[in-house]
>>> print(open('model-v9.cif').read())   # mmCIF, C-alpha atoms
data_work
loop_
_atom_site.label_atom_id
_atom_site.label_comp_id
_atom_site.auth_asym_id
_atom_site.auth_seq_id
_atom_site.Cartn_x
_atom_site.Cartn_y
_atom_site.Cartn_z
CA MET A 52 98.73 51.92 5.78
CA PRO A 53 100.34 50.68 8.90
CA ASN A 54 99.85 47.11 9.97
CA ASP A 55 97.13 46.74 12.67
CA ASP A 56 99.53 44.85 14.80
CA SER A 57 101.71 47.97 15.20
CA ALA A 58 99.33 49.37 17.80
CA LYS A 59 99.90 46.36 20.05
CA PRO A 60 102.95 46.18 22.18
CA ASP A 61 105.57 43.75 21.29
CA GLU A 62 105.46 40.56 23.13
CA GLY A 63 107.64 40.80 26.15
CA SER A 64 107.97 44.61 25.97
CA ALA A 65 106.99 46.88 28.93
CA PRO A 66 103.68 48.75 28.70
CA LYS A 67 103.82 52.47 28.22
CA PRO A 68 102.58 54.95 30.85
CA GLY A 69 98.76 54.89 31.09
CA HIS A 70 98.59 51.65 29.15
CA PHE A 71 96.28 49.92 31.61
CA LEU A 72 94.19 52.98 32.58
CA PRO A 73 90.65 53.20 31.25
CA ASP A 74 90.69 54.16 27.59
CA GLY A 75 94.45 53.57 27.61
CA ALA A 76 96.41 51.72 24.94
CA GLY A 77 95.69 48.45 26.67
CA GLY A 78 91.96 48.96 26.49
CA GLY A 79 90.11 47.39 29.41
CA THR A 80 92.25 44.25 29.42
CA LEU A 81 95.10 43.20 31.57
CA PRO A 82 98.19 41.45 30.36
CA GLY A 83 97.27 37.88 29.73
CA GLY A 84 93.59 38.86 29.37
CA GLY A 85 90.94 39.88 31.90
CA SER A 86 88.99 43.00 32.78
CA SER A 87 90.19 46.32 34.23
CA PRO A 88 91.85 46.08 37.67
CA LYS A 89 89.72 46.71 40.73
CA PRO A 90 90.85 48.72 43.78
CA GLY A 91 93.61 46.85 45.62
CA HIS A 92 94.26 44.65 42.57
CA PHE A 93 98.01 45.21 42.60
CA LEU A 94 98.43 45.30 46.41
CA PRO A 95 100.08 42.37 48.15
CA GLY A 96 97.56 39.54 48.41
CA GLY A 97 95.23 41.23 45.88
CA ALA A 98 93.63 39.62 42.83
CA GLY A 99 96.53 40.66 40.65
CA ALA A 100 99.26 39.37 42.90
CA ASP A 101 101.90 37.30 41.21
CA SER A 102 101.29 33.82 42.46
CA SER A 103 104.66 32.82 41.26
CA ALA A 104 106.43 35.38 43.39
CA SER A 105 108.39 34.11 46.24
CA PRO A 106 106.78 34.55 49.67
CA ARG A 107 107.64 37.72 51.72
CA LYS A 108 110.39 37.16 54.24
CA PRO A 109 109.79 38.26 57.82
CA VAL A 110 111.58 41.45 58.88
CA VAL A 111 114.16 41.03 61.55
CA PRO A 112 115.81 43.73 63.70
CA GLY A 113 118.59 45.43 61.84
CA ASP A 114 117.07 44.59 58.48
CA THR A 115 117.14 47.57 56.11
CA ALA A 116 113.79 46.73 54.56
CA PRO A 117 110.98 49.18 55.50
CA LEU A 118 108.30 48.11 57.94
CA THR A 119 104.87 47.56 56.50
CA ALA A 120 101.61 48.38 58.20
CA PRO A 121 98.02 47.77 57.28
CA THR A 122 96.46 50.59 55.37
CA PRO A 123 93.67 52.17 57.48
CA ARG A 124 90.27 52.10 55.89
CA LEU A 125 87.15 54.06 56.68
CA GLY A 126 84.38 51.69 57.68
CA GLY A 127 86.77 48.74 57.70
CA PRO A 128 86.76 45.97 60.25
CA THR A 129 87.95 46.76 63.81
CA GLN A 130 91.61 46.00 64.22
CA ALA A 131 92.82 43.74 66.94
CA GLY A 132 94.73 45.28 69.86
CA PRO A 133 94.10 47.73 72.72
CA SER A 134 91.08 50.03 72.50
CA GLN A 135 91.69 53.46 71.01
CA LEU A 136 90.37 56.79 72.41
CA SER A 137 88.48 58.82 69.88
CA GLY A 138 86.75 62.19 69.75
CA SER A 139 87.04 64.86 72.52
CA ARG A 140 85.87 64.80 76.14
CA LEU A 141 85.40 67.42 78.91
CA GLY A 142 86.06 66.38 82.48
CA PRO A 143 87.29 63.07 83.88
CA PRO A 144 86.59 59.78 81.99
CA PRO A 145 83.57 57.81 83.18
CA PRO A 146 84.03 54.88 85.61
CA GLY A 147 85.17 51.72 83.87
CA ASP A 148 86.92 53.67 81.13
CA PRO A 149 90.49 52.35 80.58
CA ALA A 150 91.80 55.93 81.04
CA ALA A 151 90.02 56.46 84.40
CA THR A 152 92.83 54.99 86.51
CA ALA A 153 95.53 57.08 84.84
CA PHE A 154 93.39 60.25 85.09
CA LYS A 155 92.80 59.76 88.83
CA ALA A 156 96.48 59.15 89.53
CA ARG A 157 97.42 62.32 87.63
CA TYR A 158 94.70 64.79 88.61
CA GLN A 159 93.04 63.35 91.74
CA PRO A 160 95.82 61.87 93.85
CA ASP A 161 95.06 60.69 97.36
CA PRO A 162 96.09 63.23 100.05
CA ILE A 163 99.37 62.72 101.84
CA PRO A 164 98.67 62.15 105.56
CA PHE A 165 100.13 64.80 107.97
CA VAL A 166 102.55 63.44 110.52
CA GLU A 167 103.25 65.92 113.36
CA LYS A 168 106.90 66.37 114.15
CA LYS A 169 107.72 67.10 117.74
CA ARG A 170 110.06 70.04 118.38
CA SER A 171 112.31 70.33 121.39
CA LYS A 172 111.25 72.68 124.17
CA ALA A 173 114.56 74.50 123.97
CA LEU A 174 113.98 75.40 120.32
CA VAL A 175 110.41 76.64 120.99
CA ALA A 176 111.65 78.80 123.86
CA GLY A 177 114.34 80.29 121.63
CA ILE A 178 111.79 81.22 118.97
CA VAL A 179 109.49 82.91 121.53
CA VAL A 180 112.37 84.88 123.02
CA GLY A 181 113.44 85.99 119.54
CA VAL A 182 109.94 87.22 118.72
CA LEU A 183 109.72 89.13 121.99
CA LEU A 184 113.08 90.76 121.39
CA VAL A 185 112.05 91.92 117.92
CA ALA A 186 108.69 93.20 119.18
CA GLY A 187 110.36 94.96 122.09
CA ALA A 188 112.78 96.71 119.77
CA GLY A 189 109.84 97.97 117.67
CA VAL A 190 108.03 99.34 120.73
CA ALA A 191 111.17 101.01 121.99
CA GLY A 192 111.71 102.65 118.60
CA ALA A 193 108.11 103.88 118.58
CA ALA A 194 108.47 105.31 122.07
CA LYS A 195 111.55 107.27 121.02
CA LEU A 196 109.76 108.63 117.97
CA LEU A 197 106.60 109.61 119.81
CA SER A 198 108.49 111.27 122.62
CA LYS A 199 109.64 113.92 120.15
CA TYR A 200 106.00 114.99 119.69
CA ASP A 201 105.09 115.38 123.35
CA ASP A 202 104.78 119.13 122.88
CA PHE A 203 102.34 118.82 119.97
CA VAL A 204 99.71 116.32 121.13
CA ALA A 205 97.15 116.57 123.89
CA SER A 206 97.92 113.15 125.38
CA PRO A 207 101.52 112.27 124.48
CA ILE A 208 102.00 108.52 124.23
CA GLY A 209 105.76 108.68 124.54
CA ALA A 210 105.56 109.99 128.10
CA THR A 211 103.13 107.31 129.30
CA PRO A 212 104.04 103.65 130.06
CA SER A 213 102.32 101.57 127.42
CA LEU A 214 103.58 98.01 127.93
CA PRO A 215 101.99 95.64 130.46
CA GLY A 216 104.09 95.25 133.56
CA ASP A 217 105.81 98.64 133.28
CA THR A 218 106.32 100.42 136.57
CA PRO A 219 104.31 103.67 136.65
CA THR A 220 106.35 106.81 137.12
CA LYS A 221 106.30 108.30 140.62
CA SER A 222 106.93 111.91 139.62
CA GLU A 223 104.77 114.43 141.44
CA PRO A 224 103.18 117.57 139.91
CA THR A 225 105.64 120.45 139.96
CA SER A 226 103.04 122.81 141.44
CA GLU A 227 99.52 122.94 142.79
CA PRO A 228 96.77 123.79 140.26
CA VAL A 229 95.37 127.28 140.61
CA PRO A 230 91.63 127.22 141.30
CA ASP A 231 89.47 128.86 138.65
CA PRO A 232 88.07 131.56 140.98
CA VAL A 233 91.64 132.59 141.84
CA VAL A 234 92.57 132.77 138.15
CA GLU A 235 89.65 135.10 137.58
CA LYS A 236 89.81 137.35 140.62
CA GLU A 237 93.52 137.37 141.52
CA ASN A 238 95.21 137.15 138.15
CA LYS A 239 98.63 138.77 137.91
CA LEU A 240 97.34 140.76 134.97
CA TYR A 241 95.75 143.16 137.42
CA ALA A 242 99.11 144.03 139.00
CA ASN A 243 100.88 145.05 135.78
CA GLY A 244 99.92 148.70 135.99
CA LYS A 245 98.96 150.92 133.08
CA LEU A 246 99.46 149.91 129.50
CA ALA A 247 102.46 151.57 127.94
CA SER A 248 101.70 153.38 124.69
CA VAL A 249 103.32 151.82 121.64
CA LYS A 250 102.38 154.82 119.46
CA CYS A 251 99.81 152.77 117.60
CA LYS A 252 98.39 154.89 114.81
CA GLU A 253 95.12 154.23 113.09
CA PRO A 254 95.81 152.17 109.95
CA ALA A 255 95.52 154.28 106.81
CA PHE A 256 93.42 151.70 104.91
CA ARG A 257 89.80 152.83 104.61
CA PRO A 258 86.97 150.25 104.52
CA THR A 259 86.18 150.49 100.82
CA SER A 260 86.91 146.87 99.85
CA LYS A 261 87.55 143.47 101.37
CA GLU A 262 91.28 143.76 100.74
CA ASN A 263 91.40 147.15 102.44
CA VAL A 264 89.58 145.78 105.47
CA ARG A 265 92.04 142.88 105.61
CA SER A 266 95.04 145.22 105.37
CA TYR A 267 93.57 147.45 108.10
CA TYR A 268 93.24 144.53 110.52
CA GLU A 269 96.68 143.16 109.69
CA VAL A 270 98.25 146.48 110.70
CA LEU A 271 96.09 146.76 113.84
CA LEU A 272 96.93 143.16 114.80
CA LYS A 273 100.66 143.90 114.84
CA CYS A 274 100.03 147.00 116.90
CA MET A 275 98.01 145.13 119.53
CA ASN A 276 100.57 142.31 119.65
CA LYS A 277 103.22 144.86 120.50
CA SER A 278 101.04 146.39 123.21
CA TRP A 279 99.79 143.23 124.94
CA GLN A 280 102.76 140.85 124.65
CA PRO A 281 104.79 142.32 127.55
CA VAL A 282 101.66 142.49 129.70
CA VAL A 283 100.88 138.81 129.18
CA GLU A 284 104.48 137.72 129.72
CA ASN A 285 104.88 139.85 132.85
CA ALA A 286 101.82 138.08 134.25
CA GLY A 287 103.72 134.79 133.83
CA TYR A 288 102.04 133.47 130.67
CA GLU A 289 103.24 132.60 127.18
CA PHE A 290 102.25 134.92 124.36
CA HIS A 291 101.28 134.09 120.79
CA GLU A 292 99.24 136.09 118.33
CA PRO A 293 95.81 134.91 117.16
CA GLN A 294 94.93 133.86 113.63
CA LEU A 295 93.18 136.55 111.60
CA ILE A 296 90.12 135.52 109.57
CA ILE A 297 88.27 137.88 107.23
CA PHE A 298 85.00 136.22 106.27
CA ASP A 299 82.07 136.70 103.92
CA GLU A 300 78.64 136.48 105.47
CA GLY A 301 77.55 132.83 105.64
CA GLN A 302 81.07 131.55 104.99
CA GLU A 303 82.37 128.56 106.95
CA THR A 304 85.58 129.34 108.83
CA ALA A 305 87.73 127.79 111.54
CA CYS A 306 85.30 129.46 113.97
CA GLY A 307 82.27 127.91 112.28
CA VAL A 308 79.70 129.25 109.82
CA GLN A 309 79.44 133.03 110.11
CA LYS A 310 75.73 133.75 109.88
CA ASP A 311 75.87 137.13 111.63
CA VAL A 312 77.94 140.14 110.68
CA ALA A 313 79.53 140.44 114.12
CA SER A 314 83.14 139.79 115.05
CA SER A 315 83.86 136.61 116.99
CA TYR A 316 86.69 134.83 118.78
CA CYS A 317 87.54 131.22 118.00
CA ASP A 318 88.83 129.19 120.95
CA SER A 319 90.43 126.40 118.85
CA GLY A 320 94.20 126.06 118.35
CA ASP A 321 96.09 129.25 119.13
CA GLY A 322 92.89 131.23 118.92
CA GLY A 323 91.37 133.06 115.99
CA ILE A 324 89.72 136.42 115.40
CA ALA A 325 87.00 136.29 112.74
CA MET A 326 86.05 139.67 111.31
CA PRO A 327 83.31 140.68 108.82
CA TRP A 328 83.88 143.28 106.11
CA GLN A 329 80.73 143.74 103.99
CA ASP A 330 78.80 145.95 106.42
CA LEU A 331 81.81 148.23 106.86
CA VAL A 332 82.15 148.77 103.12
CA GLU A 333 78.42 149.44 102.86
CA HIS A 334 78.24 151.98 105.71
CA TYR A 335 81.51 153.82 105.17
CA PRO A 336 80.13 156.17 102.46
CA LYS A 337 77.14 157.01 104.71
CA SER A 338 79.07 157.76 107.90
CA LYS A 339 82.85 157.58 107.70
CA ALA A 340 83.48 158.29 111.39
CA ALA A 341 80.98 155.64 112.53
CA ALA A 342 82.49 153.02 110.20
CA ARG A 343 86.03 153.79 111.37
CA ILE A 344 85.10 153.50 115.06
CA ALA A 345 83.05 150.34 114.53
CA GLU A 346 85.98 148.76 112.66
CA ALA A 347 88.50 149.50 115.41
CA ASP A 348 86.19 148.78 118.33
CA ALA A 349 85.05 145.37 117.10
CA PHE A 350 88.64 144.23 116.63
CA GLY A 351 89.69 145.60 120.03
CA TYR A 352 86.98 143.54 121.78
CA ALA A 353 87.87 140.29 119.96
CA TYR A 354 91.57 140.79 120.71
CA ALA A 355 90.78 141.39 124.39
CA VAL A 356 89.11 137.95 124.52
CA HIS A 357 92.36 136.53 123.13
CA VAL A 358 94.23 138.18 126.02
CA GLN A 359 91.80 136.50 128.43
CA LYS A 360 92.54 133.20 126.75
CA LEU A 361 96.31 133.65 127.09
CA ILE A 362 96.19 134.40 130.81
CA GLY A 363 93.74 131.63 131.71
CA ILE A 364 90.72 133.80 132.51
CA PHE A 365 88.71 132.68 129.50
CA ASP A 366 88.96 128.97 130.30
CA ALA A 367 88.36 129.52 134.02
CA SER A 368 85.26 131.56 133.22
CA VAL A 369 83.87 128.86 130.92
CA ASN A 370 84.45 126.21 133.60
CA LEU A 371 82.70 128.22 136.30
CA SER A 372 79.82 129.13 133.97
CA ASP A 373 79.27 125.47 133.19
CA GLN A 374 79.01 124.57 136.88
CA ALA A 375 76.70 127.43 137.81
CA PRO A 376 73.71 126.24 139.91
CA ASN A 377 71.10 127.84 137.64
CA GLU A 378 70.65 129.73 134.38
CA ALA A 379 70.66 133.17 136.00
CA ALA A 380 74.01 132.49 137.68
CA ARG A 381 75.44 131.09 134.43
CA LEU A 382 74.44 134.18 132.43
CA GLU A 383 75.84 136.51 135.10
CA HIS A 384 79.20 134.76 134.90
CA LYS A 385 79.22 135.07 131.12
CA ARG A 386 78.47 138.79 131.44
CA ARG A 387 81.43 139.26 133.76
CA GLN A 388 83.73 137.70 131.16
CA ALA A 389 82.29 139.77 128.26
CA LEU A 390 82.31 143.03 130.20
CA GLN A 391 85.95 142.49 131.17
CA ALA A 392 86.83 142.14 127.46
CA THR A 393 84.98 145.41 126.82
CA CYS A 394 87.03 147.06 129.57
CA LEU A 395 90.38 145.68 128.31
CA SER A 396 89.60 146.95 124.82
CA GLY A 397 88.87 150.37 126.26
CA ALA A 398 92.18 150.27 128.18
CA PHE A 399 94.12 149.75 124.94
CA PHE A 400 92.45 152.64 123.14
CA GLY A 401 92.86 154.80 126.23
CA ALA A 402 96.62 154.12 126.18
CA GLU A 403 96.80 154.94 122.44
CA LYS A 404 94.23 157.78 122.30
CA ALA A 405 96.82 160.39 121.33
CA ALA A 406 98.33 158.40 118.47
CA PHE A 407 95.33 156.50 117.19
CA PRO A 408 93.65 159.13 117.54
CA LEU A 409 90.45 158.93 119.58
CA GLN A 410 89.68 162.61 119.86
CA GLY A 411 87.40 165.20 118.35
CA GLU A 412 84.56 163.72 116.28
CA LEU A 413 86.04 160.25 116.49
CA LEU A 414 85.97 160.36 120.31
CA LYS A 415 82.34 161.53 120.29
CA GLU A 416 81.43 158.69 117.94
CA TRP A 417 83.27 156.18 120.15
CA GLN A 418 81.31 157.38 123.20
CA ARG A 419 78.01 157.37 121.29
CA GLN A 420 78.45 153.79 120.11
CA GLY A 421 79.29 152.68 123.66
CA LYS A 422 75.88 153.87 124.81
CA LEU A 423 74.11 151.93 122.05
CA GLU A 424 75.68 148.55 122.69
CA GLY A 425 73.98 146.08 125.01
CA ASP A 426 71.90 142.93 125.24
CA GLU A 427 68.70 144.97 124.86
CA VAL A 428 69.47 145.82 121.24
CA THR A 429 70.50 142.34 120.10
CA LYS A 430 68.18 140.16 118.02
CA ASP A 431 67.71 137.39 120.59
CA LYS A 432 68.13 139.67 123.66
CA VAL A 433 70.01 136.98 125.58
CA ARG A 434 71.55 138.50 128.73
CA ASP A 435 75.08 137.17 128.23
CA HIS A 436 77.16 140.28 127.31
CA GLY A 437 75.83 143.04 129.52
CA SER A 438 73.23 145.75 129.36
CA ARG A 439 73.80 149.08 127.66
CA LYS A 440 74.39 150.68 131.07
CA SER A 441 76.94 148.07 132.18
CA THR A 442 78.70 148.09 128.79
CA GLU A 443 79.15 151.87 128.87
CA LEU A 444 80.35 151.71 132.49
CA TRP A 445 83.20 149.20 131.87
CA ARG A 446 84.10 150.59 128.48
CA THR A 447 84.57 154.07 129.91
CA ARG A 448 86.38 152.78 133.01
CA GLY A 449 89.00 150.98 130.94
CA PHE A 450 89.46 153.90 128.55
CA ASN A 451 89.96 156.45 131.30
CA ALA A 452 92.31 154.32 133.41
CA ALA A 453 94.24 152.60 130.55
CA ASP A 454 94.96 149.95 133.17
CA PRO A 455 93.95 146.26 133.05
CA GLY A 456 93.78 146.36 136.85
CA SER A 457 90.62 148.45 136.53
CA CYS A 458 88.89 145.65 134.65
CA ASN A 459 88.41 143.03 137.41
CA THR A 460 84.74 142.41 136.69
CA PHE A 461 84.86 139.07 138.56
CA ALA A 462 85.34 140.84 141.86
CA ALA A 463 82.81 143.62 141.07
CA ALA A 464 79.36 144.02 142.60
CA ALA A 465 76.52 142.23 140.85
CA ASN A 466 74.70 145.48 140.04
CA THR A 467 77.63 146.61 137.87
CA VAL A 468 77.51 143.57 135.64
CA GLY A 469 73.79 143.49 134.89
#
>>> encode(input="model-v9.cif", output="C-alpha cells")
Amino acid sequence: MPNDDSAKPDEGSAPKPGHFLPDGAGGGTLPGGGSSPKPGHFLPGGAGADSSASPRKPVVPGDTAPLTAPTPRLGGPTQAGPSQLSGSRLGPPPPGDPAATAFKARYQPDPIPFVEKKRSKALVAGIVVGVLLVAGAGVAGAAKLLSKYDDFVASPIGATPSLPGDTPTKSEPTSEPVPDPVVEKENKLYANGKLASVKCKEPAFRPTSKENVRSYYEVLLKCMNKSWQPVVENAGYEFHEPQLIIFDEGQETACGVQKDVASSYCDSGDGGIAMPWQDLVEHYPKSKAAARIAEADAFGYAYAVHVQKLIGIFDASVNLSDQAPNEAARLEHKRRQALQATCLSGAFFGAEKAAFPLQGELLKEWQRQGKLEGDEVTKDKVRDHGSRKSTELWRTRGFNAADPGSCNTFAAAANTVG
C-alpha cells in the first residue's frame, strides 16, 4: 500500500490544477493552513495578498506596464468623480441637470440678430430695370403669339393694347355698319336672279335605316352647297357648308336636346343642321311618296335658314325681333324670317324640279304637304312660323319663280305673313 504521505504535495512543489478548489487535492485548506479562499482573496490588497511582496510602483507615461482600474461592482459604493448619466430620457434635460447647458447650446441656440444692410440706389434701380425688361420681353412674346389667333377668337387680345400707358390705335372702321332693316329688305341676295340648276338628282338612298337617312342627307348637302355657294358669294358674303347632325329622339346634340322629331338649325359655330330619322323609317313603308317628300322638304327648309345666316338676314332678324315693341310685333317678325326660309327652299326645288324630280305623284304630294303645314297644326300653336295659308303662299311663290328675289318677306304686306 502506498504511503499516506504520497497524496500530499512535496514541500516546495507547485500545486496541481484544481488543488485549492472545493473538494480539490488541497481540501479546504490553503497553503500554510487556513480555510477556503473567499471572493477577492487573491486580488491585490485582499486577504491572501503576499505581505512580503514589494509595493506596487506607480505607472509613469511611457511605461509598458498595463493600466489598472477598479473593478466595477453592482451595489458597490459610489465612485468619486463627475456624475454619470444613466438610463434613457426623452426631451431636454431638466433645469439644473449638468447636461442642460450643453443641450441648450446644441439644440436651442439663441437667434442671431438681423442687421439690415443698406444697398446703393444705383444697384436697386438696376435691378428694377432688369425686371421690367424681362417682363416686357414676356409680354411682347405673348402679343406676337396671340396675334396669330386673331382670326379664331371673338375678342383677339393680340390686336388690343394691353399694357398701361400704351397709346390707343387711331384706326377708323373701314366701312359704315349696315343697319339691320337694310340687311333684311335690301340684301344683295334679291338681285342675283334665278337659281341656276346644278342637275341635282334625288339621292338614291331610301329611308329604311339610320345609315340610309344619313347617306341621303350627305348627298343632298353637297348638291345644295353647289347650288347656293355662288349665290351667297355673288351677294358679297363668305360661304361655308353647315355641319350635318343625324340625331335620335331625345339625344343631346350641338343644337341641344332633340325632344321633337322636327328638323332644326343650330346657330352656333359655322351652323348646323340637325335632322331626325326614326319617323321617316317608320312611315316609309306606309307611304313612300310622302316619306320621300318630307325627307327632302325638311332638309331644304333647314338649309335655307343656313343661307339666311350666311348673308346676315338671320342675325338681323333676331336683333329686330328682340327689340320689337310688343309680343305681336315680335312674332310677326319671326314669321317673316321663317316664311322666307320656306320660300328659299321652294326656289331650290323649283330650279331642280326636272332633275330631282318633283313631278307626277311626287309633285302632288309636295303640294299637298304644303297645304298642311302651319302654326295651326303644331302642338303649342305658337304663331312664329306662319299659318297654313301663308306657308302655302310663299312655298309656291318660291317654287314657281326659282328666284330668291321673290322671297323678300320683310318688305311684304302684313296680311301675307300671317
>>> resolve_selection(input="model-v9.cif", expression="the PyMOL selection byres ((chain A and resi 240) around 8)", output="list in words")
Asn238, Lys239, Tyr241, Ala242, Asn243, Val282, Val283, Asn285, Ala286, Ile362, Pro455 and Gly456 of chain A
>>> closest_residue(input="model-v9.cif", among="A:Glu403, A:Asp330, A:Glu262, A:Glu383", to="Ser441 in chain A", atoms="only C-alpha atoms")
A:Glu383
>>> resolve_selection(input="model-v9.cif", expression="the PyMOL selection byres ((chain A and resi 340) around 10)", output="CSV table (one decimal) with C-alpha atoms, in the coordinates of the input")
chain,number,residue,atom,x,y,z
A,334,HIS,CA,78.2,152.0,105.7
A,335,TYR,CA,81.5,153.8,105.2
A,336,PRO,CA,80.1,156.2,102.5
A,337,LYS,CA,77.1,157.0,104.7
A,338,SER,CA,79.1,157.8,107.9
A,339,LYS,CA,82.8,157.6,107.7
A,341,ALA,CA,81.0,155.6,112.5
A,342,ALA,CA,82.5,153.0,110.2
A,343,ARG,CA,86.0,153.8,111.4
A,344,ILE,CA,85.1,153.5,115.1
A,345,ALA,CA,83.0,150.3,114.5
A,346,GLU,CA,86.0,148.8,112.7
A,412,GLU,CA,84.6,163.7,116.3
A,413,LEU,CA,86.0,160.2,116.5
A,414,LEU,CA,86.0,160.4,120.3
A,415,LYS,CA,82.3,161.5,120.3
A,416,GLU,CA,81.4,158.7,117.9
A,417,TRP,CA,83.3,156.2,120.2
>>> closest_residue(input="model-v9.cif", among="A:Leu361, A:Ala464, A:Ala355, A:Val428", to="Tyr316 in chain A", atoms="all atoms listed in the file")
A:Ala355
>>> resolve_selection(input="model-v9.cif", expression="the PyMOL selection byres ((chain A and resi 449) around 9)", output="number ranges by chain")
A: 393-401, 444-448, 450-458
>>> residues_around(input="model-v9.cif", residues="range 273-281 of chain A", least_positions_apart="2", cutoff="8 Å", atoms="only C-alpha atoms", output="ChimeraX atom specification")
/A:246-249,251,269-271,283-285,290-292,354,358,399
>>> atom_distance(input="model-v9.cif", atom1="CA of Gly469 in chain A", atom2="CA of Cys306 in chain A")
27.7 Å
>>> closest_residue(input="model-v9.cif", among="A:Lys385, A:Ala325, A:Phe350, A:Lys360", to="Val308 in chain A", atoms="all atoms listed in the file")
A:Ala325
>>> closest_residue(input="model-v9.cif", among="A:Leu423, A:Ala406, A:Leu272, A:Ala379", to="Ala353 in chain A", atoms="all atoms listed in the file")
A:Leu272
>>> closest_residue(input="model-v9.cif", among="A:Leu390, A:Ala380, A:Thr429, A:Ser260", to="Glu443 in chain A", atoms="all atoms listed in the file")
A:Leu390
>>> closest_residue(input="model-v9.cif", among="A:Gly425, A:Pro230, A:Pro327, A:Gly322", to="Gly301 in chain A", atoms="only C-alpha atoms")
A:Pro327
>>> atom_distance(input="model-v9.cif", atom1="CA of Met326 in chain A", atom2="CA of Phe298 in chain A")
6.2 Å
>>> atom_distance(input="model-v9.cif", atom1="CA of Asn370 in chain A", atom2="CA of Ala392 in chain A")
17.2 Å
